[in-house]
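The file data14.csv comes next; it holds CSV, N, CA, C and O atoms.
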```
chain,number,residue,atom,x,y,z
A,1,MET,N,8.6,8.8,20.5
A,1,MET,CA,7.6,8.2,19.7
A,1,MET,C,7.9,6.6,19.6
A,1,MET,O,9.1,6.3,19.3
A,2,THR,N,7.0,5.8,19.9
A,2,THR,CA,7.1,4.4,20.0
A,2,THR,C,6.6,3.8,18.7
A,2,THR,O,5.6,4.1,18.1
A,3,LYS,N,7.5,2.9,18.2
A,3,LYS,CA,7.1,2.1,16.9
A,3,LYS,C,6.1,1.0,17.3
A,3,LYS,O,6.1,0.5,18.4
A,4,LEU,N,5.1,0.8,16.4
A,4,LEU,CA,4.2,-0.3,16.6
A,4,LEU,C,4.8,-1.7,16.2
A,4,LEU,O,5.5,-1.8,15.2
A,5,SER,N,4.6,-2.7,17.0
A,5,SER,CA,5.0,-4.0,16.7
A,5,SER,C,4.2,-4.6,15.6
A,5,SER,O,3.1,-4.1,15.3
A,6,GLN,N,4.7,-5.7,15.0
A,6,GLN,CA,3.9,-6.3,14.0
A,6,GLN,C,2.6,-6.8,14.5
A,6,GLN,O,1.5,-6.7,13.8
A,7,GLU,N,2.5,-7.3,15.7
A,7,GLU,CA,1.3,-7.8,16.3
A,7,GLU,C,0.3,-6.6,16.5
A,7,GLU,O,-0.9,-6.8,16.2
A,8,GLU,N,0.8,-5.5,16.9
A,8,GLU,CA,-0.1,-4.3,17.0
A,8,GLU,C,-0.6,-3.8,15.7
A,8,GLU,O,-1.8,-3.4,15.6
A,9,ARG,N,0.2,-3.9,14.7
A,9,ARG,CA,-0.2,-3.5,13.3
A,9,ARG,C,-1.3,-4.4,12.8
A,9,ARG,O,-2.3,-4.0,12.2
A,10,LEU,N,-1.1,-5.7,13.0
A,10,LEU,CA,-2.1,-6.7,12.5
A,10,LEU,C,-3.4,-6.5,13.2
A,10,LEU,O,-4.5,-6.6,12.6
A,11,SER,N,-3.4,-6.2,14.5
A,11,SER,CA,-4.6,-6.0,15.3
A,11,SER,C,-5.3,-4.7,14.8
A,11,SER,O,-6.5,-4.7,14.6
A,12,PHE,N,-4.5,-3.7,14.5
A,12,PHE,CA,-5.1,-2.5,13.9
A,12,PHE,C,-5.8,-2.7,12.6
A,12,PHE,O,-6.9,-2.3,12.4
A,13,TYR,N,-5.2,-3.5,11.7
A,13,TYR,CA,-5.8,-3.7,10.4
A,13,TYR,C,-7.0,-4.6,10.4
A,13,TYR,O,-7.8,-4.7,9.5
A,14,LYS,N,-7.3,-5.3,11.6
A,14,LYS,CA,-8.5,-6.0,11.8
A,14,LYS,C,-9.6,-5.2,12.5
A,14,LYS,O,-10.7,-5.7,12.6
A,15,SER,N,-9.3,-4.0,12.9
A,15,SER,CA,-10.3,-3.2,13.7
A,15,SER,C,-11.4,-2.7,12.8
A,15,SER,O,-11.2,-2.4,11.6
A,16,LYS,N,-12.5,-2.4,13.4
A,16,LYS,CA,-13.7,-1.8,12.8
A,16,LYS,C,-13.3,-0.4,12.3
A,16,LYS,O,-13.7,0.0,11.2
A,17,GLU,N,-12.6,0.3,13.1
A,17,GLU,CA,-12.2,1.7,12.7
A,17,GLU,C,-11.4,1.7,11.4
A,17,GLU,O,-11.7,2.5,10.5
A,18,TRP,N,-10.5,0.8,11.3
A,18,TRP,CA,-9.7,0.7,10.0
A,18,TRP,C,-10.5,0.3,8.9
A,18,TRP,O,-10.4,0.9,7.8
A,19,ARG,N,-11.4,-0.7,9.0
A,19,ARG,CA,-12.2,-1.1,7.9
A,19,ARG,C,-13.2,0.0,7.4
A,19,ARG,O,-13.3,0.2,6.2
A,20,ARG,N,-13.7,0.8,8.4
A,20,ARG,CA,-14.5,1.9,8.0
A,20,ARG,C,-13.7,3.0,7.3
A,20,ARG,O,-14.2,3.5,6.3
A,21,MET,N,-12.5,3.3,7.8
A,21,MET,CA,-11.7,4.3,7.2
A,21,MET,C,-11.2,3.8,5.8
A,21,MET,O,-11.2,4.6,4.8
A,22,ARG,N,-10.9,2.6,5.7
A,22,ARG,CA,-10.4,2.0,4.4
A,22,ARG,C,-11.5,2.2,3.3
A,22,ARG,O,-11.3,2.7,2.2
A,23,GLU,N,-12.8,1.9,3.7
A,23,GLU,CA,-13.9,2.0,2.8
A,23,GLU,C,-14.1,3.5,2.4
A,23,GLU,O,-14.4,3.8,1.3
A,24,PHE,N,-14.0,4.4,3.4
A,24,PHE,CA,-14.1,5.8,3.1
A,24,PHE,C,-13.1,6.3,2.1
A,24,PHE,O,-13.4,7.0,1.2
A,25,ILE,N,-11.8,5.9,2.3
A,25,ILE,CA,-10.7,6.3,1.4
A,25,ILE,C,-10.9,5.7,0.0
A,25,ILE,O,-10.7,6.4,-1.0
A,26,LEU,N,-11.3,4.5,-0.1
A,26,LEU,CA,-11.6,3.9,-1.4
A,26,LEU,C,-12.7,4.7,-2.2
A,26,LEU,O,-12.5,5.0,-3.3
A,27,LYS,N,-13.7,5.1,-1.4
A,27,LYS,CA,-14.8,5.9,-2.0
A,27,LYS,C,-14.3,7.2,-2.4
A,27,LYS,O,-14.6,7.8,-3.5
A,28,ARG,N,-13.6,7.9,-1.5
A,28,ARG,CA,-13.0,9.2,-1.7
A,28,ARG,C,-12.2,9.2,-3.0
A,28,ARG,O,-12.2,10.1,-3.8
A,29,ASP,N,-11.4,8.2,-3.2
A,29,ASP,CA,-10.5,8.1,-4.3
A,29,ASP,C,-11.1,7.4,-5.5
A,29,ASP,O,-10.4,7.0,-6.5
A,30,ASN,N,-12.4,7.2,-5.5
A,30,ASN,CA,-13.2,6.7,-6.6
A,30,ASN,C,-12.7,5.3,-7.0
A,30,ASN,O,-12.8,4.9,-8.2
A,31,HIS,N,-12.3,4.5,-6.0
A,31,HIS,CA,-11.7,3.1,-6.3
A,31,HIS,C,-10.7,3.1,-7.4
A,31,HIS,O,-10.7,2.2,-8.3
A,32,GLU,N,-9.9,4.1,-7.4
A,32,GLU,CA,-8.8,4.2,-8.5
A,32,GLU,C,-7.4,4.4,-7.8
A,32,GLU,O,-7.3,5.1,-6.8
A,33,CYS,N,-6.4,3.7,-8.3
A,33,CYS,CA,-5.1,3.8,-7.8
A,33,CYS,C,-4.6,5.3,-8.1
A,33,CYS,O,-4.6,5.7,-9.2
A,34,GLN,N,-4.2,6.0,-7.0
A,34,GLN,CA,-3.8,7.3,-7.2
A,34,GLN,C,-2.4,7.5,-7.8
A,34,GLN,O,-2.1,8.4,-8.4
A,35,GLU,N,-1.6,6.5,-7.6
A,35,GLU,CA,-0.2,6.5,-8.2
A,35,GLU,C,-0.4,6.3,-9.7
A,35,GLU,O,0.3,7.0,-10.4
A,36,CYS,N,-1.2,5.4,-10.1
A,36,CYS,CA,-1.4,5.2,-11.6
A,36,CYS,C,-2.0,6.4,-12.2
A,36,CYS,O,-1.5,6.9,-13.2
A,37,LYS,N,-2.9,7.0,-11.5
A,37,LYS,CA,-3.6,8.3,-11.9
A,37,LYS,C,-2.5,9.4,-12.1
A,37,LYS,O,-2.6,10.1,-13.1
A,38,ARG,N,-1.6,9.5,-11.2
A,38,ARG,CA,-0.5,10.5,-11.4
A,38,ARG,C,0.3,10.3,-12.6
A,38,ARG,O,0.9,11.2,-13.2
A,39,ASN,N,0.4,9.0,-13.0
A,39,ASN,CA,1.2,8.6,-14.2
A,39,ASN,C,0.3,8.5,-15.5
A,39,ASN,O,0.7,7.9,-16.4
A,40,GLY,N,-0.9,9.0,-15.4
A,40,GLY,CA,-1.8,9.1,-16.6
A,40,GLY,C,-2.5,7.8,-16.9
A,40,GLY,O,-3.0,7.6,-18.0
A,41,LYS,N,-2.6,6.9,-15.9
A,41,LYS,CA,-3.3,5.6,-16.1
A,41,LYS,C,-4.5,5.6,-15.2
A,41,LYS,O,-4.5,6.2,-14.2
A,42,VAL,N,-5.5,4.8,-15.5
A,42,VAL,CA,-6.6,4.5,-14.6
A,42,VAL,C,-6.6,3.0,-14.3
A,42,VAL,O,-6.6,2.2,-15.2
A,43,THR,N,-6.4,2.7,-13.0
A,43,THR,CA,-6.4,1.3,-12.6
A,43,THR,C,-7.5,1.2,-11.5
A,43,THR,O,-7.4,1.7,-10.5
A,44,THR,N,-8.5,0.4,-11.9
A,44,THR,CA,-9.6,0.1,-11.0
A,44,THR,C,-9.9,-1.4,-10.9
A,44,THR,O,-10.6,-1.8,-10.0
A,45,ASP,N,-9.4,-2.2,-11.9
A,45,ASP,CA,-9.8,-3.6,-12.0
A,45,ASP,C,-8.9,-4.5,-11.1
A,45,ASP,O,-9.3,-5.6,-10.8
A,46,GLU,N,-7.8,-4.0,-10.7
A,46,GLU,CA,-6.9,-4.7,-9.9
A,46,GLU,C,-7.3,-4.6,-8.4
A,46,GLU,O,-8.0,-3.7,-8.0
A,47,ARG,N,-6.8,-5.5,-7.6
A,47,ARG,CA,-7.1,-5.4,-6.1
A,47,ARG,C,-6.5,-4.1,-5.6
A,47,ARG,O,-5.4,-3.8,-6.0
A,48,LEU,N,-7.2,-3.4,-4.8
A,48,LEU,CA,-6.8,-2.1,-4.3
A,48,LEU,C,-6.5,-2.2,-2.8
A,48,LEU,O,-7.1,-2.8,-2.0
A,49,ASP,N,-5.4,-1.5,-2.4
A,49,ASP,CA,-5.0,-1.3,-1.0
A,49,ASP,C,-5.2,0.1,-0.6
A,49,ASP,O,-5.2,1.0,-1.5
A,50,VAL,N,-5.3,0.4,0.6
A,50,VAL,CA,-5.2,1.8,1.1
A,50,VAL,C,-3.9,1.9,1.8
A,50,VAL,O,-3.6,1.1,2.8
A,51,ASP,N,-3.0,2.8,1.4
A,51,ASP,CA,-1.6,2.9,1.8
A,51,ASP,C,-1.5,4.1,2.8
A,51,ASP,O,-2.1,5.1,2.6
A,52,HIS,N,-0.7,3.8,3.8
A,52,HIS,CA,-0.3,4.9,4.7
A,52,HIS,C,0.9,5.6,4.1
A,52,HIS,O,2.0,4.9,3.9
A,53,LEU,N,0.8,6.8,3.7
A,53,LEU,CA,1.9,7.6,3.1
A,53,LEU,C,3.1,7.7,4.1
A,53,LEU,O,4.2,7.4,3.7
A,54,LEU,N,2.8,8.0,5.3
A,54,LEU,CA,3.8,7.9,6.4
A,54,LEU,C,3.5,6.6,7.1
A,54,LEU,O,2.3,6.5,7.6
A,55,GLU,N,4.4,5.7,7.2
A,55,GLU,CA,4.1,4.4,7.6
A,55,GLU,C,3.5,4.2,9.0
A,55,GLU,O,3.9,4.9,10.0
A,56,LEU,N,2.5,3.3,9.1
A,56,LEU,CA,1.8,3.1,10.4
A,56,LEU,C,2.8,2.7,11.5
A,56,LEU,O,2.7,3.2,12.6
A,57,GLU,N,3.8,1.9,11.2
A,57,GLU,CA,4.8,1.5,12.2
A,57,GLU,C,5.5,2.7,12.8
A,57,GLU,O,5.7,2.7,14.0
A,58,ASP,N,5.8,3.7,12.0
A,58,ASP,CA,6.5,4.8,12.5
A,58,ASP,C,5.7,6.0,13.0
A,58,ASP,O,6.1,6.8,13.8
A,59,TYR,N,4.5,6.1,12.5
A,59,TYR,CA,3.6,7.2,12.8
A,59,TYR,C,2.2,6.7,13.2
A,59,TYR,O,1.2,7.0,12.5
A,60,PRO,N,2.1,6.0,14.3
A,60,PRO,CA,0.8,5.4,14.7
A,60,PRO,C,-0.3,6.5,14.9
A,60,PRO,O,-1.5,6.2,14.7
A,61,GLU,N,0.1,7.7,15.3
A,61,GLU,CA,-0.8,8.8,15.5
A,61,GLU,C,-1.5,9.2,14.2
A,61,GLU,O,-2.6,9.9,14.3
A,62,LEU,N,-1.0,8.8,13.1
A,62,LEU,CA,-1.6,9.2,11.8
A,62,LEU,C,-2.4,8.0,11.2
A,62,LEU,O,-2.8,8.0,10.0
A,63,ALA,N,-2.6,6.9,11.9
A,63,ALA,CA,-3.2,5.7,11.4
A,63,ALA,C,-4.5,5.9,10.8
A,63,ALA,O,-4.8,5.3,9.7
A,64,LEU,N,-5.4,6.8,11.3
A,64,LEU,CA,-6.7,7.0,10.7
A,64,LEU,C,-6.9,8.4,10.2
A,64,LEU,O,-8.0,8.9,10.0
A,65,GLU,N,-5.8,9.1,9.8
A,65,GLU,CA,-5.8,10.4,9.3
A,65,GLU,C,-5.9,10.4,7.8
A,65,GLU,O,-5.1,9.9,7.0
A,66,PRO,N,-7.1,10.8,7.2
A,66,PRO,CA,-7.4,10.7,5.8
A,66,PRO,C,-6.3,11.3,4.9
A,66,PRO,O,-6.0,10.8,3.8
A,67,THR,N,-5.6,12.4,5.4
A,67,THR,CA,-4.6,13.0,4.5
A,67,THR,C,-3.4,12.2,4.4
A,67,THR,O,-2.5,12.4,3.6
A,68,ASN,N,-3.2,11.2,5.3
A,68,ASN,CA,-2.1,10.2,5.3
A,68,ASN,C,-2.4,8.9,4.6
A,68,ASN,O,-1.6,8.0,4.6
A,69,LEU,N,-3.6,8.8,4.0
A,69,LEU,CA,-4.1,7.6,3.4
A,69,LEU,C,-4.4,7.8,1.9
A,69,LEU,O,-4.9,8.9,1.5
A,70,GLU,N,-4.1,6.8,1.1
A,70,GLU,CA,-4.3,6.9,-0.4
A,70,GLU,C,-4.5,5.5,-1.0
A,70,GLU,O,-3.9,4.6,-0.5
A,71,THR,N,-5.4,5.4,-1.9
A,71,THR,CA,-5.7,4.2,-2.6
A,71,THR,C,-4.6,3.9,-3.6
A,71,THR,O,-4.2,4.7,-4.4
A,72,LYS,N,-4.1,2.6,-3.5
A,72,LYS,CA,-3.1,2.2,-4.5
A,72,LYS,C,-3.4,0.8,-4.9
A,72,LYS,O,-3.9,0.0,-4.1
A,73,CYS,N,-3.1,0.5,-6.2
A,73,CYS,CA,-3.3,-0.9,-6.7
A,73,CYS,C,-2.1,-1.7,-6.0
A,73,CYS,O,-1.1,-1.2,-5.6
A,74,VAL,N,-2.3,-3.0,-6.0
A,74,VAL,CA,-1.3,-3.9,-5.3
A,74,VAL,C,0.1,-3.7,-6.0
A,74,VAL,O,1.1,-3.7,-5.3
A,75,THR,N,0.1,-3.5,-7.3
A,75,THR,CA,1.4,-3.4,-8.0
A,75,THR,C,2.1,-2.2,-7.5
A,75,THR,O,3.3,-2.2,-7.2
A,76,CYS,N,1.4,-1.0,-7.5
A,76,CYS,CA,2.1,0.2,-7.0
A,76,CYS,C,2.5,0.1,-5.5
A,76,CYS,O,3.5,0.6,-5.1
A,77,HIS,N,1.6,-0.5,-4.7
A,77,HIS,CA,1.9,-0.6,-3.3
A,77,HIS,C,3.1,-1.5,-3.1
A,77,HIS,O,4.0,-1.1,-2.3
A,78,ASN,N,3.2,-2.6,-3.9
A,78,ASN,CA,4.4,-3.4,-3.7
A,78,ASN,C,5.6,-2.7,-4.2
A,78,ASN,O,6.7,-2.9,-3.6
A,79,LYS,N,5.5,-1.9,-5.3
A,79,LYS,CA,6.7,-1.2,-5.8
A,79,LYS,C,7.2,-0.2,-4.7
A,79,LYS,O,8.4,-0.1,-4.5
A,80,LYS,N,6.3,0.5,-4.0
A,80,LYS,CA,6.7,1.4,-3.0
A,80,LYS,C,7.5,0.7,-1.9
A,80,LYS,O,8.4,1.3,-1.4
A,81,HIS,N,7.1,-0.5,-1.5
A,81,HIS,CA,7.8,-1.2,-0.4
A,81,HIS,C,8.8,-2.2,-0.9
A,81,HIS,O,9.3,-3.0,-0.2
A,82,ASN,N,9.1,-2.2,-2.2
A,82,ASN,CA,10.1,-3.1,-2.8
A,82,ASN,C,9.8,-4.5,-2.6
A,82,ASN,O,10.7,-5.4,-2.3
A,83,ARG,N,8.5,-4.9,-2.7
A,83,ARG,CA,8.1,-6.3,-2.6
A,83,ARG,C,7.9,-6.9,-3.9
A,83,ARG,O,7.3,-6.2,-4.8
A,84,PHE,N,8.3,-8.1,-4.1
A,84,PHE,CA,8.0,-8.9,-5.3
A,84,PHE,C,8.5,-8.2,-6.6
A,84,PHE,O,7.9,-8.3,-7.6
A,85,VAL,N,9.6,-7.5,-6.5
A,85,VAL,CA,10.2,-6.9,-7.7
A,85,VAL,C,11.0,-7.9,-8.4
A,85,VAL,O,11.8,-8.7,-7.9
A,86,LYS,N,10.7,-8.0,-9.7
A,86,LYS,CA,11.4,-9.0,-10.6
A,86,LYS,C,12.9,-8.7,-10.6
A,86,LYS,O,13.3,-7.5,-10.7
A,87,LYS,N,13.7,-9.7,-10.4
A,87,LYS,CA,15.2,-9.6,-10.5
A,87,LYS,C,15.6,-9.7,-11.9
A,87,LYS,O,15.1,-10.5,-12.7
A,88,GLU,N,16.6,-8.9,-12.3
A,88,GLU,CA,17.2,-8.9,-13.6
A,88,GLU,C,18.0,-10.2,-13.8
A,88,GLU,O,18.6,-10.7,-12.9
A,89,ASN,N,18.0,-10.7,-15.1
A,89,ASN,CA,18.8,-11.9,-15.4
A,89,ASN,C,20.3,-11.5,-15.3
A,89,ASN,O,20.7,-10.4,-15.7
A,90,LYS,N,21.0,-12.4,-14.8
A,90,LYS,CA,22.5,-12.2,-14.7
A,90,LYS,C,23.1,-12.4,-16.1
A,90,LYS,O,24.2,-11.9,-16.3
A,91,TRP,N,22.5,-13.2,-16.9
A,91,TRP,CA,23.0,-13.6,-18.2
A,91,TRP,C,22.4,-12.8,-19.3
A,91,TRP,O,21.2,-12.6,-19.4
A,92,ASP,N,23.3,-12.4,-20.3
A,92,ASP,CA,22.8,-11.8,-21.5
A,92,ASP,C,22.3,-12.8,-22.5
A,92,ASP,O,21.5,-12.5,-23.3
A,93,ASP,N,22.9,-14.0,-22.4
A,93,ASP,CA,22.6,-15.0,-23.4
A,93,ASP,C,21.2,-15.6,-23.1
A,93,ASP,O,20.9,-16.0,-22.0
A,94,GLU,N,20.3,-15.6,-24.1
A,94,GLU,CA,18.9,-16.0,-23.9
A,94,GLU,C,18.8,-17.5,-23.5
A,94,GLU,O,17.8,-17.8,-22.8
A,95,LYS,N,19.7,-18.3,-23.8
A,95,LYS,CA,19.6,-19.7,-23.5
A,95,LYS,C,19.8,-20.0,-22.0
A,95,LYS,O,19.4,-21.0,-21.5
A,96,TRP,N,20.3,-19.0,-21.3
A,96,TRP,CA,20.5,-19.2,-19.8
A,96,TRP,C,19.2,-18.7,-19.2
A,96,TRP,O,18.9,-18.9,-18.1
```
Let me see whether you can do it: turn the structure in this file into structure tokens.
Amino acid sequence: MTKLSQEERLSFYKSKEWRRMREFILKRDNHECQECKRNGKVTTDERLDVDHLLELEDYPELALEPTNLETKCVTCHNKKHNRFVKKENKWDDEKW
């Protein structure tokens, strides 16, 4: 199994097939973050992403498989990938 390069992934995300599938998944999931929903919240007002549950880079054969796709708000999607996570303060003292 061959991993997709960053260039191949970017090309995929610009394709008509992806844009159509993304819109289908958003509608299927009622434009709601499915992760928030599992945690008892409804998130619809934030920007929404369509997430590959098994990563596109590793599983290109599942790129357009609806069972591998789910709507997530940007916050939940970033948490999944450890992006933009706030770092804890090193200091206990509030003045620092």
TODO: With a distance cut-off of 12 Å and only C-alpha atoms, select the neighbouring residues of A:Leu4, excluding the residue or stretch itself and same-chain residues fewer than 2 positions from it, and output the selection as a PyMOL selection string.
DONE: chain A and resi 1-2+6-12+55-61+63
Task: Those in chain A with strand (DSSP E) from DSSP, as a list in words - done: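 Matching residues, listed in order: Leu48, Asp49, Val50, Asp51, His52, Leu69, Glu70, Thr71, Lys72 and Cys73 of chain A.
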- [ ] Give the alpha helix (DSSP H) residues of chain A, as DSSP finds them on the backbone, and put them as a PyMOL selection string.
- [x] chain A and resi 6-13+16-28+34-38+74-80
Task: Best match for closeness to A:Cys73 among A:Arg47, A:Arg22, A:His52, A:Lys41, counting all atoms listed in the file - done: A:Arg47
Write out as a PDB file with N, CA, C and O atoms, in the frame of the given file which residues come within 8 Å of A:Asp51 when counting all atoms listed in the file, dropping same-chain ones fewer than 5 positions away.
```
ATOM      1  N   LEU A  56       2.500   3.300   9.100  1.00  0.00           N
ATOM      2  CA  LEU A  56       1.800   3.100  10.400  1.00  0.00           C
ATOM      3  C   LEU A  56       2.800   2.700  11.500  1.00  0.00           C
ATOM      4  O   LEU A  56       2.700   3.200  12.600  1.00  0.00           O
ATOM      5  N   LEU A  62      -1.000   8.800  13.100  1.00  0.00           N
ATOM      6  CA  LEU A  62      -1.600   9.200  11.800  1.00  0.00           C
ATOM      7  C   LEU A  62      -2.400   8.000  11.200  1.00  0.00           C
ATOM      8  O   LEU A  62      -2.800   8.000  10.000  1.00  0.00           O
ATOM      9  N   ALA A  63      -2.600   6.900  11.900  1.00  0.00           N
ATOM     10  CA  ALA A  63      -3.200   5.700  11.400  1.00  0.00           C
ATOM     11  C   ALA A  63      -4.500   5.900  10.800  1.00  0.00           C
ATOM     12  O   ALA A  63      -4.800   5.300   9.700  1.00  0.00           O
ATOM     13  N   GLU A  65      -5.800   9.100   9.800  1.00  0.00           N
ATOM     14  CA  GLU A  65      -5.800  10.400   9.300  1.00  0.00           C
ATOM     15  C   GLU A  65      -5.900  10.400   7.800  1.00  0.00           C
ATOM     16  O   GLU A  65      -5.100   9.900   7.000  1.00  0.00           O
ATOM     17  N   PRO A  66      -7.100  10.800   7.200  1.00  0.00           N
ATOM     18  CA  PRO A  66      -7.400  10.700   5.800  1.00  0.00           C
ATOM     19  C   PRO A  66      -6.300  11.300   4.900  1.00  0.00           C
ATOM     20  O   PRO A  66      -6.000  10.800   3.800  1.00  0.00           O
ATOM     21  N   THR A  67      -5.600  12.400   5.400  1.00  0.00           N
ATOM     22  CA  THR A  67      -4.600  13.000   4.500  1.00  0.00           C
ATOM     23  C   THR A  67      -3.400  12.200   4.400  1.00  0.00           C
ATOM     24  O   THR A  67      -2.500  12.400   3.600  1.00  0.00           O
ATOM     25  N   ASN A  68      -3.200  11.200   5.300  1.00  0.00           N
ATOM     26  CA  ASN A  68      -2.100  10.200   5.300  1.00  0.00           C
ATOM     27  C   ASN A  68      -2.400   8.900   4.600  1.00  0.00           C
ATOM     28  O   ASN A  68      -1.600   8.000   4.600  1.00  0.00           O
ATOM     29  N   LEU A  69      -3.600   8.800   4.000  1.00  0.00           N
ATOM     30  CA  LEU A  69      -4.100   7.600   3.400  1.00  0.00           C
ATOM     31  C   LEU A  69      -4.400   7.800   1.900  1.00  0.00           C
ATOM     32  O   LEU A  69      -4.900   8.900   1.500  1.00  0.00           O
ATOM     33  N   GLU A  70      -4.100   6.800   1.100  1.00  0.00           N
ATOM     34  CA  GLU A  70      -4.300   6.900  -0.400  1.00  0.00           C
ATOM     35  C   GLU A  70      -4.500   5.500  -1.000  1.00  0.00           C
ATOM     36  O   GLU A  70      -3.900   4.600  -0.500  1.00  0.00           O
ATOM     37  N   THR A  71      -5.400   5.400  -1.900  1.00  0.00           N
ATOM     38  CA  THR A  71      -5.700   4.200  -2.600  1.00  0.00           C
ATOM     39  C   THR A  71      -4.600   3.900  -3.600  1.00  0.00           C
ATOM     40  O   THR A  71      -4.200   4.700  -4.400  1.00  0.00           O
ATOM     41  N   LYS A  72      -4.100   2.600  -3.500  1.00  0.00           N
ATOM     42  CA  LYS A  72      -3.100   2.200  -4.500  1.00  0.00           C
ATOM     43  C   LYS A  72      -3.400   0.800  -4.900  1.00  0.00           C
ATOM     44  O   LYS A  72      -3.900   0.000  -4.100  1.00  0.00           O
ATOM     45  N   CYS A  73      -3.100   0.500  -6.200  1.00  0.00           N
ATOM     46  CA  CYS A  73      -3.300  -0.900  -6.700  1.00  0.00           C
ATOM     47  C   CYS A  73      -2.100  -1.700  -6.000  1.00  0.00           C
ATOM     48  O   CYS A  73      -1.100  -1.200  -5.600  1.00  0.00           O
ATOM     49  N   HIS A  77       1.600  -0.500  -4.700  1.00  0.00           N
ATOM     50  CA  HIS A  77       1.900  -0.600  -3.300  1.00  0.00           C
ATOM     51  C   HIS A  77       3.100  -1.500  -3.100  1.00  0.00           C
ATOM     52  O   HIS A  77       4.000  -1.100  -2.300  1.00  0.00           O
TER      53      HIS A  77
END
```
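With only C-alpha atoms as the basis for measurement, A:Glu35 is the residue among A:Val42, A:Val50, A:Arg19, A:Glu35 that approaches A:Lys79 most closely.
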TODO: For atom CA of A:Arg20 and atom CA of A:Arg38, quote the distance in Å rounded to one decimal.
DONE: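 For atom CA of A:Arg20 relative to atom CA of A:Arg38, the distance reads 25.4 Å.
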Task: Point-to-point distance from atom N of A:Asn82 to atom O of A:Cys36, Å rounded to tenths - done: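 Answer for the atom N of A:Asn82 to atom O of A:Cys36 separation: 17.8 Å.
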TODO: Select, from A:Leu64, A:His81, A:Leu53, A:Ser5, the residue with the minimum atom-to-atom distance to A:Gln34, counting only C-alpha atoms.
DONE: A:Leu53
Task: For atom N of A:Glu32 and atom O of A:Ser15, the interatomic separation in Å (one decimal) - done: 20.1 Å
